[in-house]
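See below for run.cif, which holds mmCIF, C-alpha atoms.
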```
data_protein
loop_
_atom_site.label_atom_id
_atom_site.label_comp_id
_atom_site.auth_asym_id
_atom_site.auth_seq_id
_atom_site.Cartn_x
_atom_site.Cartn_y
_atom_site.Cartn_z
CA MET A 1 3.56 10.49 1.28
CA GLY A 2 2.61 6.93 2.14
CA GLN A 3 -0.26 4.91 0.88
CA ASP A 4 -3.62 5.00 2.67
CA PHE A 5 -4.52 1.84 4.54
CA LYS A 6 -7.85 0.84 2.94
CA ILE A 7 -9.92 -2.29 3.27
CA GLU A 8 -12.74 -3.00 0.83
CA PHE A 9 -15.73 -5.17 1.66
CA ASP A 10 -18.33 -6.21 -0.87
CA PHE A 11 -20.87 -8.94 -1.49
CA ASP A 12 -19.08 -12.27 -1.64
CA PRO A 13 -20.89 -15.39 -2.92
CA LYS A 14 -18.52 -17.47 -0.75
CA ASN A 15 -19.87 -15.75 2.37
CA GLU A 16 -23.40 -16.32 1.11
CA TRP A 17 -22.76 -20.03 0.60
CA ARG A 18 -20.91 -20.32 3.94
CA VAL A 19 -24.00 -19.05 5.77
CA PHE A 20 -26.45 -21.15 3.71
CA ARG A 21 -24.58 -24.45 3.96
CA LYS A 22 -24.63 -24.43 7.78
CA SER A 23 -28.28 -25.38 7.59
CA ILE A 24 -28.22 -27.61 4.53
CA ILE A 25 -29.54 -30.52 6.61
CA PHE A 26 -32.94 -28.78 6.81
CA HIS A 27 -33.09 -28.45 3.02
CA ILE A 28 -32.04 -32.06 2.53
CA GLY A 29 -34.71 -33.11 5.03
CA THR A 30 -37.36 -31.11 3.15
CA LEU A 31 -36.43 -32.61 -0.21
CA SER A 32 -36.08 -36.12 1.21
CA GLY A 33 -39.51 -35.95 2.82
CA PHE A 34 -41.21 -34.83 -0.39
CA ILE A 35 -39.30 -37.35 -2.51
CA TYR A 36 -40.23 -40.11 -0.07
CA PHE A 37 -43.90 -39.08 -0.32
CA LEU A 38 -43.79 -39.05 -4.13
CA ALA A 39 -42.15 -42.48 -4.20
CA THR A 40 -44.33 -44.21 -1.57
CA LYS A 41 -47.46 -42.03 -1.23
CA GLU A 42 -47.10 -42.38 2.57
CA GLY A 43 -48.18 -39.41 4.67
CA ILE A 44 -45.02 -39.49 6.78
CA GLY A 45 -43.15 -38.10 3.78
CA LEU A 46 -45.42 -35.05 3.68
CA PHE A 47 -45.13 -34.66 7.44
CA LEU A 48 -41.33 -34.69 7.24
CA GLY A 49 -41.18 -32.49 4.16
CA PHE A 50 -43.46 -29.81 5.59
CA GLY A 51 -41.85 -30.15 9.02
CA PHE A 52 -38.40 -29.33 7.68
CA LEU A 53 -39.86 -26.68 5.35
CA LEU A 54 -41.37 -24.94 8.38
CA PHE A 55 -37.81 -24.28 9.62
CA ALA A 56 -36.22 -23.67 6.20
CA LEU A 57 -38.76 -21.15 4.86
CA PRO A 58 -37.86 -18.29 7.27
CA GLN A 59 -34.22 -18.85 6.34
CA LEU A 60 -35.01 -18.45 2.65
CA VAL A 61 -36.83 -15.17 3.40
CA LEU A 62 -33.80 -13.87 5.34
CA HIS A 63 -31.40 -15.08 2.65
CA PHE A 64 -33.34 -13.27 -0.07
CA GLN A 65 -33.59 -10.04 1.96
CA TYR A 66 -29.87 -10.03 2.82
CA LYS A 67 -28.90 -10.71 -0.77
CA LEU A 68 -31.09 -7.84 -2.03
CA ASN A 69 -29.61 -5.52 0.59
CA ASP A 70 -25.96 -6.44 -0.01
CA ARG A 71 -25.56 -7.14 -3.70
CA ARG A 72 -23.70 -4.44 -5.61
CA LYS A 73 -22.81 -2.74 -2.29
CA LYS A 74 -19.22 -1.92 -1.42
CA ILE A 75 -17.88 -0.61 1.88
CA ILE A 76 -14.44 1.00 1.80
CA VAL A 77 -12.82 1.61 5.18
CA ASN A 78 -9.87 4.00 5.05
CA HIS A 79 -8.05 3.62 8.36
CA SER A 80 -5.47 6.27 7.51
CA GLN A 81 -8.07 9.00 6.97
CA GLN A 82 -10.59 7.40 9.37
CA THR A 83 -13.37 7.45 6.80
CA ILE A 84 -15.93 4.96 5.54
CA ARG A 85 -17.32 5.14 2.03
CA ILE A 86 -20.48 3.27 1.05
CA GLU A 87 -21.01 2.65 -2.65
CA HIS A 88 -24.04 1.07 -4.29
CA ASN A 89 -23.99 0.10 -7.97
CA GLY A 90 -20.62 1.86 -8.22
CA LYS A 91 -22.07 5.19 -7.09
CA LEU A 92 -21.39 6.97 -3.82
CA GLU A 93 -24.22 6.46 -1.34
CA LYS A 94 -22.57 7.96 1.77
CA GLU A 95 -19.14 8.91 3.04
CA PHE A 96 -18.43 9.74 6.66
CA ARG A 97 -15.71 9.85 9.29
CA PHE A 98 -15.32 7.39 12.15
CA LYS A 99 -16.18 10.18 14.60
CA ASP A 100 -19.58 10.59 12.85
CA ILE A 101 -20.65 7.12 14.05
CA ASN A 102 -23.15 7.29 16.91
CA LYS A 103 -23.32 3.52 17.43
CA ILE A 104 -22.90 0.17 15.77
CA ILE A 105 -25.44 -2.56 16.47
CA ARG A 106 -24.89 -6.19 15.51
CA TYR A 107 -28.10 -8.23 15.29
CA LYS A 108 -27.34 -11.90 15.91
CA GLY A 109 -29.36 -15.09 15.82
CA GLN A 110 -27.38 -16.67 18.67
CA TRP A 111 -24.68 -15.49 21.06
CA ASP A 112 -22.11 -18.04 19.90
CA GLU A 113 -22.15 -17.61 16.13
CA GLU A 114 -20.06 -20.72 15.49
CA ASN A 115 -22.18 -23.06 17.64
CA MET A 116 -24.10 -25.41 15.39
CA THR A 117 -25.27 -27.84 18.08
CA TYR A 118 -28.74 -26.42 18.77
CA ALA A 119 -29.22 -24.11 15.85
CA LEU A 120 -32.14 -23.32 13.61
CA PRO A 121 -31.41 -22.11 10.06
CA THR A 122 -32.25 -18.50 10.95
CA PHE A 123 -29.61 -18.45 13.72
CA PHE A 124 -26.81 -18.10 11.15
CA TYR A 125 -28.17 -14.87 9.66
CA ASN A 126 -26.69 -11.77 11.25
CA TYR A 127 -26.48 -8.18 10.14
CA THR A 128 -24.90 -4.94 11.30
CA GLU A 129 -26.44 -1.49 11.54
CA ILE A 130 -24.28 1.63 11.64
CA VAL A 131 -26.14 4.63 13.03
CA LEU A 132 -24.58 8.00 12.32
CA ASN A 133 -24.92 11.10 14.49
CA ASP A 134 -27.32 12.61 11.92
CA GLY A 135 -29.61 9.55 12.18
CA TYR A 136 -28.58 8.02 8.83
CA LYS A 137 -28.41 4.21 8.99
CA ILE A 138 -26.31 1.79 6.99
CA PHE A 139 -27.11 -1.93 6.96
CA PHE A 140 -24.93 -4.82 5.82
CA SER A 141 -25.05 -8.54 6.51
CA ASP A 142 -22.47 -11.26 6.93
CA PHE A 143 -22.62 -11.69 3.14
CA ILE A 144 -20.33 -8.62 3.09
CA ALA A 145 -18.47 -8.87 6.42
CA LYS A 146 -18.97 -9.75 10.07
CA ASN A 147 -17.24 -6.55 11.14
CA LEU A 148 -15.29 -3.72 9.57
CA GLY A 149 -12.31 -3.91 11.92
CA LEU A 150 -12.99 -0.53 13.50
CA LYS A 151 -11.01 0.09 16.69
CA ASN A 152 -12.24 2.11 19.67
CA ILE A 153 -15.87 1.93 18.54
CA GLU A 154 -18.11 -0.12 20.79
CA ILE A 155 -20.41 -2.61 19.12
CA GLU A 156 -23.73 -3.31 20.81
CA GLU A 157 -25.09 -6.82 20.24
CA LYS A 158 -28.77 -7.71 20.12
CA LEU A 159 -30.16 -11.21 19.97
CA SER A 160 -33.16 -12.03 17.79
CA LEU A 161 -34.69 -15.25 16.47
CA LEU A 162 -35.54 -13.75 13.08
CA ASN A 163 -33.14 -11.02 11.98
CA LEU A 164 -35.07 -9.24 9.27
CA ILE A 165 -33.32 -5.99 8.44
CA GLN A 166 -35.45 -3.18 9.90
CA TYR A 167 -35.01 -0.28 7.48
#
```
Is it possible to express this structure as structure tokens?
Amino acid sequence: MGQDFKIEFDFDPKNEWRVFRKSIIFHIGTLSGFIYFLATKEGIGLFLGFGFLLFALPQLVLHFQYKLNDRRKKIIVNHSQQTIRIEHNGKLEKEFRFKDINKIIRYKGQWDEENMTYALPTFFYNYTEIVLNDGYKIFFSDFIAKNLGLKNIEIEEKLSLLNLIQY
């Protein structure tokens, strides 16, 4: 007998940093504005600091929610047996077959995920929802993986400005 073809996905701090650093300019702007205000006592520093913070704060909320959802979660895709196993804290949460998947929905902040030209910090935060035939839902963000490499399963994409995971 041959080996099963398995791929494991789990929370990766490199993925977390990759998503966060795309909008680092907003965080630098926030800090620079407040530092400028502290150094000069000029109101423009507060204006800049709070202006950038207005865009960065929703990102921090998303970042925190995604990290809470994904940490200590592992997704094991066994292509040979066509099964997916979800583990949380090393314990089995759910195991199911590919044929048990009703639909996969990818919630995106922008259609072109790599476009950074006109992007707000929240545009880089995307997550995936797997809905099973029995109604059970599994959520994971790009901190784990952008996709699981499943063939012959259509992925529906939805666009949203603020992609809070809707449990």
One residue among A:Trp17, A:Phe124, A:Phe37, A:Phe140 is nearest to Gly49 (chain A) when using only C-alpha atoms, and that residue is A:Phe37
Counting only C-alpha atoms, the residue of A:Trp111, A:Tyr66, A:Phe5, A:Phe123 that sits nearest Ile144 (chain A) |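 Comparing A:Trp111, A:Tyr66, A:Phe5, A:Phe123 against Ile144 (chain A), the winner is A:Tyr66.
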Expressed in Å to a single decimal, how great is the separation between CA of Lys67 (chain A) and CA of Lys99 (chain A)?
-> 28.9 Å
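Taking CA of Gly135 (chain A) as the reference point, CA of Lys94 (chain A) is found at 12.7 Å.
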Which residue, A:Leu46, A:Ala119, A:Leu53, A:Leu161, has the smallest gap to Ile28 (chain A) when you use all atoms listed in the file?
->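 When distances to Ile28 (chain A) are compared using all atoms listed in the file, the smallest one comes from A:Leu53.
Interatomic distance, CA of Gly149 (chain A) against CA of Ile84 (chain A): 11.5 Å.
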Written as a list in words, which residues does the PyMOL selection byres ((chain A and resi 55) around 10) give for the file shown?
-> Ser23, Phe26, His27, Thr30, Phe50, Gly51, Phe52, Leu53, Leu54, Ala56, Leu57, Pro58, Gln59, Leu60, Leu120, Pro121 and Thr122 of chain A
Would you mind listing what lies within 9 Å of Glu129 (chain A) as a PyMOL selection string, with all atoms listed in the file counted and same-chain residues fewer than 5 positions away left out?
-> chain A and resi 103-107+137-141+165
Resulting file, chosen residues, C-alpha atoms, as a PDB file, keeping the file's coordinate frame:
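Result written to result35.pdb:
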```
ATOM      1  CA  LYS A 103     -23.320   3.520  17.430  1.00  0.00           C
ATOM      2  CA  ILE A 104     -22.900   0.170  15.770  1.00  0.00           C
ATOM      3  CA  ILE A 105     -25.440  -2.560  16.470  1.00  0.00           C
ATOM      4  CA  ARG A 106     -24.890  -6.190  15.510  1.00  0.00           C
ATOM      5  CA  TYR A 107     -28.100  -8.230  15.290  1.00  0.00           C
ATOM      6  CA  LYS A 137     -28.410   4.210   8.990  1.00  0.00           C
ATOM      7  CA  ILE A 138     -26.310   1.790   6.990  1.00  0.00           C
ATOM      8  CA  PHE A 139     -27.110  -1.930   6.960  1.00  0.00           C
ATOM      9  CA  PHE A 140     -24.930  -4.820   5.820  1.00  0.00           C
ATOM     10  CA  SER A 141     -25.050  -8.540   6.510  1.00  0.00           C
ATOM     11  CA  ILE A 165     -33.320  -5.990   8.440  1.00  0.00           C
TER      12      ILE A 165
END
```
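For the point (-22.9, 4.4, -2.9), the residues with at least one atom inside 12 Å, counting only C-alpha atoms, are Asp10, Asp70, Arg71, Arg72, Lys73, Lys74, Ile75, Ile76, Ile84, Arg85, Ile86, Glu87, His88, Asn89, Gly90, Lys91, Leu92, Glu93, Lys94, Glu95, Phe96 and Ile138 of chain A.
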Adding 5 Å on each side of the box along x, y and z that holds all listed atoms of region 126-129 of chain A, could you give its centre and edge lengths in Å to one decimal, as AutoDock Vina command-line options?
```
--center_x -25.8 --center_y -6.6 --center_z 10.8 --size_x 11.8 --size_y 20.3 --size_z 11.4
```
May I ask which of the residues A:Ile24, A:Val19, A:Ala145, A:Ile130 is the closest one to Tyr167 (chain A), counting all atoms listed in the file?
->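 Using all atoms listed in the file, Tyr167 (chain A) sits closest to A:Ile130.
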Identify which of the residues A:Asn102, A:Ser32, A:Gln110, A:Asn69 lies closest to Ile155 (chain A), counting all atoms listed in the file when measuring atom-to-atom distances.
->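 Smallest separation from Ile155 (chain A) among the options: A:Asn102.
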What do you get, as a VMD selection string, if you spell out every residue that the PyMOL selection byres ((chain A and resi 150) around 10) selects here?
-> chain A and resid 77 79 82 98 147 to 149 151 to 155
